[in-house]
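Source file: model.txt (compact mmCIF, C-alpha atoms)
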# COMPACT_ATOMS: atom_id res chain seq x y z
CA MET A 1 122.74 71.83 99.33
CA PHE A 2 122.53 69.45 102.27
CA VAL A 3 122.01 72.37 104.63
CA ALA A 4 119.18 73.71 102.46
CA LEU A 5 117.46 70.32 102.33
CA GLU A 6 117.84 69.82 106.05
CA PHE A 7 116.49 73.31 106.72
CA ALA A 8 113.47 72.76 104.46
CA ARG A 9 112.69 69.54 106.33
CA LEU A 10 112.94 71.32 109.70
CA VAL A 11 110.64 74.11 108.49
CA ARG A 12 108.00 71.67 107.27
CA ALA A 13 108.18 69.63 110.48
CA ASN A 14 107.88 72.61 112.83
CA GLN A 15 105.93 75.24 110.93
CA SER A 16 102.62 74.49 112.60
CA MET A 17 104.10 74.59 116.10
CA VAL A 18 105.95 77.85 115.56
CA PHE A 19 103.07 79.57 113.78
CA SER A 20 100.49 78.44 116.38
CA LEU A 21 102.57 79.70 119.28
CA ALA A 22 103.11 83.02 117.54
CA LEU A 23 99.41 83.31 116.74
CA ARG A 24 98.32 82.57 120.33
CA PHE A 25 100.37 85.52 121.54
CA LEU A 26 100.27 88.01 118.74
CA ARG A 27 96.62 87.36 117.80
CA ASN A 28 97.17 88.54 114.26
CA HIS A 29 97.83 86.23 111.30
CA GLU A 30 100.13 88.63 109.41
CA VAL A 31 102.27 89.52 112.42
CA ALA A 32 102.41 85.86 113.50
CA GLU A 33 103.61 84.81 110.04
CA GLU A 34 106.22 87.58 109.95
CA VAL A 35 107.59 86.65 113.38
CA SER A 36 107.53 82.91 112.57
CA GLN A 37 109.48 83.54 109.36
CA ASP A 38 112.05 85.58 111.28
CA VAL A 39 112.49 82.77 113.80
CA PHE A 40 113.06 80.20 111.04
CA LEU A 41 115.57 82.51 109.34
CA GLN A 42 117.35 82.85 112.68
CA LEU A 43 117.44 79.04 112.84
CA TYR A 44 118.97 78.98 109.35
CA GLN A 45 121.74 81.30 110.49
CA ASN A 46 122.40 79.09 113.54
CA LEU A 47 122.02 75.75 111.77
CA GLY A 48 125.65 74.86 112.50
CA ARG A 49 124.93 74.78 116.23
CA ILE A 50 121.88 72.54 115.98
CA GLN A 51 122.69 68.98 117.01
CA ASN A 52 119.59 67.08 115.90
CA GLU A 53 115.91 67.43 115.09
CA ALA A 54 114.79 67.37 118.72
CA HIS A 55 117.27 70.10 119.51
CA ALA A 56 115.93 72.14 116.57
CA THR A 57 112.36 71.78 117.87
CA TRP A 58 113.42 72.79 121.37
CA TRP A 59 115.39 75.74 119.98
CA LEU A 60 112.48 76.90 117.83
CA ARG A 61 109.99 76.58 120.69
CA ARG A 62 112.24 78.54 123.03
CA THR A 63 113.02 81.22 120.48
CA ILE A 64 109.42 81.77 119.41
CA CYS A 65 108.31 82.04 123.07
CA HIS A 66 110.87 84.70 123.89
CA ARG A 67 110.40 86.48 120.58
CA ALA A 68 106.61 86.53 121.04
CA ILE A 69 106.95 87.99 124.55
CA ASP A 70 109.32 90.68 123.21
CA GLU A 71 107.02 91.42 120.30
CA VAL A 72 103.95 91.77 122.54
CA ARG A 73 105.85 94.17 124.79
CA ARG A 74 107.35 96.09 121.87
CA ARG A 75 104.12 96.53 119.99
CA LYS A 76 102.00 96.71 123.15
CA LEU A 77 99.55 94.53 121.32
CA ARG A 78 95.96 94.95 122.18
CA PRO A 79 93.51 92.36 120.94
CA GLN A 80 93.83 93.04 117.24
CA ILE A 81 91.78 90.34 115.70
CA GLY A 82 91.74 90.57 111.95
CA LEU A 83 88.69 89.33 110.13
CA ASP A 84 90.67 86.48 108.64
CA SER A 85 91.70 85.26 112.06
CA ILE A 86 88.12 84.64 113.08
CA ALA A 87 86.80 81.34 111.89
CA ASP A 88 83.50 81.46 110.12
CA PRO A 89 80.85 80.25 112.57
CA ALA A 90 78.61 79.09 109.75
CA ALA A 91 81.37 76.88 108.41
CA SER A 92 81.96 75.36 111.82
CA ARG A 93 78.42 74.60 112.80
CA HIS A 94 79.07 70.92 112.49
CA GLU A 95 81.42 71.24 115.45
CA PRO A 96 79.16 71.32 118.50
CA ASP A 97 81.69 72.89 120.86
CA TRP A 98 83.00 75.59 118.51
CA PHE A 99 81.63 78.38 120.68
CA GLN A 100 83.01 76.79 123.81
CA ASN A 101 86.50 76.53 122.26
CA GLU A 102 86.32 80.10 121.01
CA ARG A 103 85.29 81.32 124.44
CA LEU A 104 88.13 79.42 126.10
CA ARG A 105 90.66 80.80 123.61
CA ARG A 106 89.39 84.31 124.30
CA LEU A 107 89.72 83.78 128.07
CA VAL A 108 93.24 82.40 127.65
CA GLU A 109 94.16 85.43 125.52
CA ALA A 110 93.03 87.69 128.36
CA LEU A 111 95.52 86.14 130.82
CA PRO A 112 98.77 87.94 131.66
CA ILE A 113 101.52 87.08 129.21
CA ARG A 114 103.57 84.73 131.44
CA SER A 115 100.50 82.79 132.54
CA ARG A 116 99.27 82.64 128.96
CA MET A 117 102.64 81.30 127.84
CA VAL A 118 102.57 78.59 130.50
CA ILE A 119 98.99 77.58 129.67
CA VAL A 120 99.67 77.43 125.92
CA LEU A 121 102.85 75.42 126.36
CA ARG A 122 101.07 73.04 128.73
CA TYR A 123 97.88 72.44 126.78
CA GLN A 124 98.79 73.23 123.19
CA GLU A 125 102.30 71.79 123.17
CA ASP A 126 101.56 69.18 125.87
CA LEU A 127 104.78 69.96 127.77
CA ASP A 128 105.17 69.07 131.42
CA PRO A 129 106.03 71.78 133.99
CA THR A 130 109.72 70.81 134.05
CA ASP A 131 110.05 71.31 130.28
CA ILE A 132 108.16 74.61 130.47
CA ALA A 133 110.43 75.80 133.27
CA GLY A 134 113.52 74.93 131.21
CA LEU A 135 112.11 76.63 128.15
CA LEU A 136 111.16 79.87 129.87
CA GLY A 137 114.06 79.90 132.32
CA ILE A 138 111.87 80.07 135.43
CA PRO A 139 111.59 77.70 138.45
CA VAL A 140 109.26 74.69 138.19
CA SER A 141 107.37 75.92 141.26
CA THR A 142 106.60 79.18 139.42
CA VAL A 143 105.28 77.24 136.43
CA LYS A 144 103.06 75.15 138.70
CA SER A 145 101.83 78.24 140.45
CA HIS A 146 101.03 79.92 137.11
CA LEU A 147 99.15 76.79 136.00
CA HIS A 148 97.20 76.51 139.22
CA ARG A 149 96.23 80.17 139.34
CA SER A 150 95.41 80.39 135.65
CA LEU A 151 93.15 77.34 135.76
CA ALA A 152 91.34 78.82 138.76
CA VAL A 153 90.91 82.14 136.96
CA LEU A 154 89.68 80.43 133.79
CA ARG A 155 87.20 78.30 135.72
CA ALA A 156 85.87 81.33 137.57
CA ARG A 157 85.52 83.44 134.42
CA LEU A 158 83.91 80.62 132.50
CA ALA A 159 81.42 80.03 135.32
CA ARG A 160 80.64 83.76 135.45
CA GLU A 161 80.06 83.91 131.70
CA SER A 162 77.91 80.77 131.75
CA ALA A 163 75.73 81.97 134.65
CA PRO A 164 72.39 83.50 133.60
CA PRO A 165 72.11 87.25 134.22
CA LYS A 166 70.38 88.20 137.47
CA GLY A 167 66.72 89.01 137.27
CA VAL A 168 65.99 86.88 134.21
CA CYS A 169 63.33 84.27 134.69
CA TYR A 170 63.67 81.30 132.39
CA GLU A 171 60.55 79.54 133.56
CA TYR A 172 57.58 81.08 131.86
CA GLY A 173 54.17 81.03 133.44
CA LYS A 174 55.47 81.03 136.99
CA MET B 175 83.41 69.81 132.64
CA ASN B 176 87.08 68.83 132.63
CA MET B 177 88.86 72.14 132.16
CA GLU B 178 92.17 70.58 131.15
CA ASN B 179 90.61 68.51 128.35
CA GLU B 180 88.60 71.51 127.19
CA LEU B 181 91.79 73.59 127.04
CA ARG B 182 93.57 70.89 125.05
CA LYS B 183 90.70 70.91 122.57
CA ALA B 184 90.51 74.70 122.36
CA LEU B 185 94.25 75.22 122.04
CA ARG B 186 94.90 72.81 119.22
CA ARG B 187 97.70 73.82 116.88
CA GLU B 188 96.66 75.96 113.93
CA SER B 189 97.98 75.02 110.53
CA SER B 190 100.40 77.53 109.07
CA PRO B 191 99.30 79.63 106.07
CA ALA B 192 99.51 78.02 102.64
CA GLY B 193 102.99 78.25 101.12
CA PHE B 194 104.57 79.29 104.42
CA ALA B 195 107.43 76.77 104.29
CA ASP B 196 108.22 77.60 100.65
CA ARG B 197 108.36 81.32 101.45
CA VAL B 198 110.71 80.71 104.40
CA VAL B 199 113.01 78.43 102.38
CA ALA B 200 113.09 80.97 99.52
CA LYS B 201 113.94 83.79 101.94
CA ALA B 202 116.69 81.71 103.54
CA GLY B 203 118.31 81.28 100.12
CA GLN B 204 118.52 85.03 99.58
CA PRO B 205 121.54 86.95 100.81
CA VAL B 206 120.75 88.32 104.22
CA PRO B 207 120.87 92.14 104.17
CA ARG B 208 123.24 93.52 106.78
CA PRO B 209 121.19 94.80 109.67
CA HIS B 210 121.42 98.52 110.18
CA GLN B 211 123.86 99.04 113.00
CA PRO B 212 123.81 102.10 115.23
CA TRP B 213 126.83 104.36 114.83
CA TRP B 214 128.35 103.47 118.19
CA LYS B 215 128.79 99.86 117.06
CA PHE B 216 131.42 100.82 114.45
CA ARG B 217 134.34 100.66 116.88
CA PRO B 218 137.21 101.81 114.62
CA LEU B 219 135.17 104.81 113.54
CA VAL B 220 134.30 105.66 117.13
CA PHE B 221 137.94 105.42 118.22
CA ALA B 222 139.14 107.51 115.26
CA ASN B 223 136.53 110.16 116.01
CA ALA B 224 137.39 110.21 119.71
CA PHE B 225 141.11 110.49 118.88
CA ALA B 226 140.53 113.33 116.39
CA LEU B 227 138.28 115.16 118.83
CA THR B 228 140.87 114.83 121.61
CA GLY B 229 143.58 116.15 119.27
CA VAL B 230 141.47 119.11 118.19
CA LEU B 231 140.63 119.95 121.80
CA PHE B 232 144.30 119.68 122.87
CA ILE B 233 145.62 121.86 120.02
CA GLY B 234 142.78 124.34 120.54
CA GLY B 235 143.58 124.48 124.26
CA VAL B 236 147.29 125.13 123.62
CA MET B 237 146.54 127.84 121.03
CA TYR B 238 144.05 129.52 123.35
CA GLN B 239 146.58 129.51 126.18
CA ARG B 240 149.25 131.11 123.93
CA HIS B 241 146.80 133.71 122.77
CA GLU B 242 145.91 134.55 126.36
CA GLU B 243 149.62 134.81 127.28
CA GLN B 244 150.21 137.23 124.38
CA ARG B 245 147.28 139.33 125.55
CA ALA B 246 148.65 139.38 129.10
CA LEU B 247 152.12 140.46 127.90
CA GLU B 248 150.61 143.23 125.75
CA ALA B 249 148.51 144.40 128.72
CA ARG B 250 151.59 144.45 130.95
CA ARG B 251 153.52 146.44 128.34
CA GLN B 252 150.68 148.96 128.09
CA LEU B 253 150.45 149.20 131.87
CA VAL B 254 154.19 149.86 132.18
CA THR B 255 153.94 152.55 129.49
CA ALA B 256 150.97 154.14 131.26
CA LEU B 257 152.83 154.09 134.57
CA ASN B 258 155.87 155.67 132.96
CA VAL B 259 153.70 158.42 131.42
CA THR B 260 152.04 159.00 134.79
CA LYS B 261 155.41 159.04 136.53
CA ALA B 262 156.74 161.66 134.07
CA SER B 263 153.62 163.80 134.49
CA LEU B 264 153.85 163.60 138.27
CA GLN B 265 157.55 164.52 138.18
CA LYS B 266 156.75 167.53 135.99
CA ALA B 267 153.99 168.59 138.37
CA GLN B 268 156.26 168.10 141.37
CA GLU B 269 158.99 170.15 139.70
CA ARG B 270 156.55 172.96 138.97
CA ILE B 271 155.29 172.94 142.56
CA ARG B 272 158.83 173.02 143.86
CA ARG B 273 159.64 176.00 141.59
CA VAL B 274 156.54 177.84 142.69
CA ALA B 275 157.32 177.15 146.33
CA ALA B 276 160.90 178.43 145.95
CA LYS B 277 159.73 181.86 144.60
CA PRO B 278 159.63 184.46 147.38
CA ILE B 279 156.19 185.94 148.05
CA LEU B 280 156.67 189.65 147.14

Entire entry expressed as structure tokens:
Amino acid sequence: MFVALEFARLVRANQSMVFSLALRFLRNHEVAEEVSQDVFLQLYQNLGRIQNEAHATWWLRRTICHRAIDEVRRRKLRPQIGLDSIADPAASRHEPDWFQNERLRRLVEALPIRSRMVIVLRYQEDLDPTDIAGLLGIPVSTVKSHLHRSLAVLRARLARESAPPKGVCYEYGK
Amino acid sequence: MNMENELRKALRRESSPAGFADRVVAKAGQPVPRPHQPWWKFRPLVFANAFALTGVLFIGGVMYQRHEEQRALEARRQLVTALNVTKASLQKAQERIRRVAAKPIL
């Protein structure tokens, strides 16, 4: 009974984190939910080894990252964006930078999987490079290098997308 | 534009689907079905099969060897008989030649 209550509390506290990480990588609501559920069930089976809530969060974050990487490789996921995963632009018009956020998310999704993982853990989960390195089992220098390169790539792609196409004159009458 | 702030805004956590936690807790309460294991993971079965296969191969090998020995013995017996028949025929022929040679010519 205690185990069940404790587990329910852990699920409620971490569901958003686990689901968001799965969604960023798998890009499909149904698959992300399925994988997130599996990860929580795995936690339930390993509940005896979990020391405290922080450990549970760390365990979940680590497991979902590795599971998402495996799942992407296994399914060879291409951008499969279901209709339900696209927010309704009309409903979000009050948010001035909706398009900007959407564009950034799309550019992040186009990054290689390791770089994407590092970027998401850094800016979605607000983890520092040392934590990310520990979570993914890679050196801190590699994490920093991924961050540096990915930011440069994102800046370049964003600038290219924002630049007006060549040959278009925006100043009429000249 | 501060790229890092923009990324933080764009990559905000999504809320999980409605009823997600309840579904997970309900699933956790159910008995977990045993995952389907590949046949090579059933160690006792693998060992028993390997043992049986080794036994069958050994007995088969011994029986085959005995069968081959029997065939070799039979072949030797037949060869000896054939040689004896040949020897008798040759002796008869030699005897006839000797008799013919002993007869005076006219």

Exercise. What is the CA of Ala68 in chain A-CA of Leu147 in chain A distance in Å, reported with one decimal?
Worked result: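 Answer for the CA of Ala68 in chain A to CA of Leu147 in chain A separation: 19.3 Å.
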
Problem set entry | Residue neighbourhood Arg197 in chain B, 12 Å, all atoms listed in the file, exclusion window fewer than 3 positions, as a list in words |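 So the residues in contact are Ala8, Val11, Arg12, Gln15, Glu33, Glu34, Ser36, Gln37, Asp38, Phe40 and Leu41 of chain A; Ser190, Pro191, Ala192, Gly193, Phe194, Ala200, Lys201, Ala202, Gly203 and Gln204 of chain B.
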
Problem set entry | Interface list for chain B, partner chain A, 7 Å threshold, only C-alpha atoms, as a list in words | Leu181, Arg182, Ala184, Leu185, Arg186, Arg187, Glu188, Ser189, Ser190, Ala195, Val198, Val199 and Ala202 of chain B

For this session: Could you jot down the CA of Leu111 in chain A to CA of Pro139 in chain A separation for me, Å, one decimal place?
Result: 19.7 Å

Exercise. When you draw a straight line from CA of Leu253 in chain B to CA of Met237 in chain B, how long is it in Å?
Worked result: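 CA of Leu253 in chain B sits 24.3 Å away from CA of Met237 in chain B.
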
Problem set entry | Which residue of A:Ala110, A:Val72, A:Cys65, A:Leu47 approaches Arg157 in chain A most closely, using all atoms listed in the file | A:Ala110

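Between Leu26 in chain A and the residues A:His55, A:Arg49, A:Arg62, A:Arg74, the shortest atom-to-atom distance, using only C-alpha atoms, involves A:Arg74.
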
For this session: Find the residues near Pro129 in chain A: any atom within 9 Å, counting all atoms listed in the file, skip ones fewer than 3 places away on the same chain, and give them as a ChimeraX atom specification.
Result: /A:118,122,132-134,140-141,143-144,147
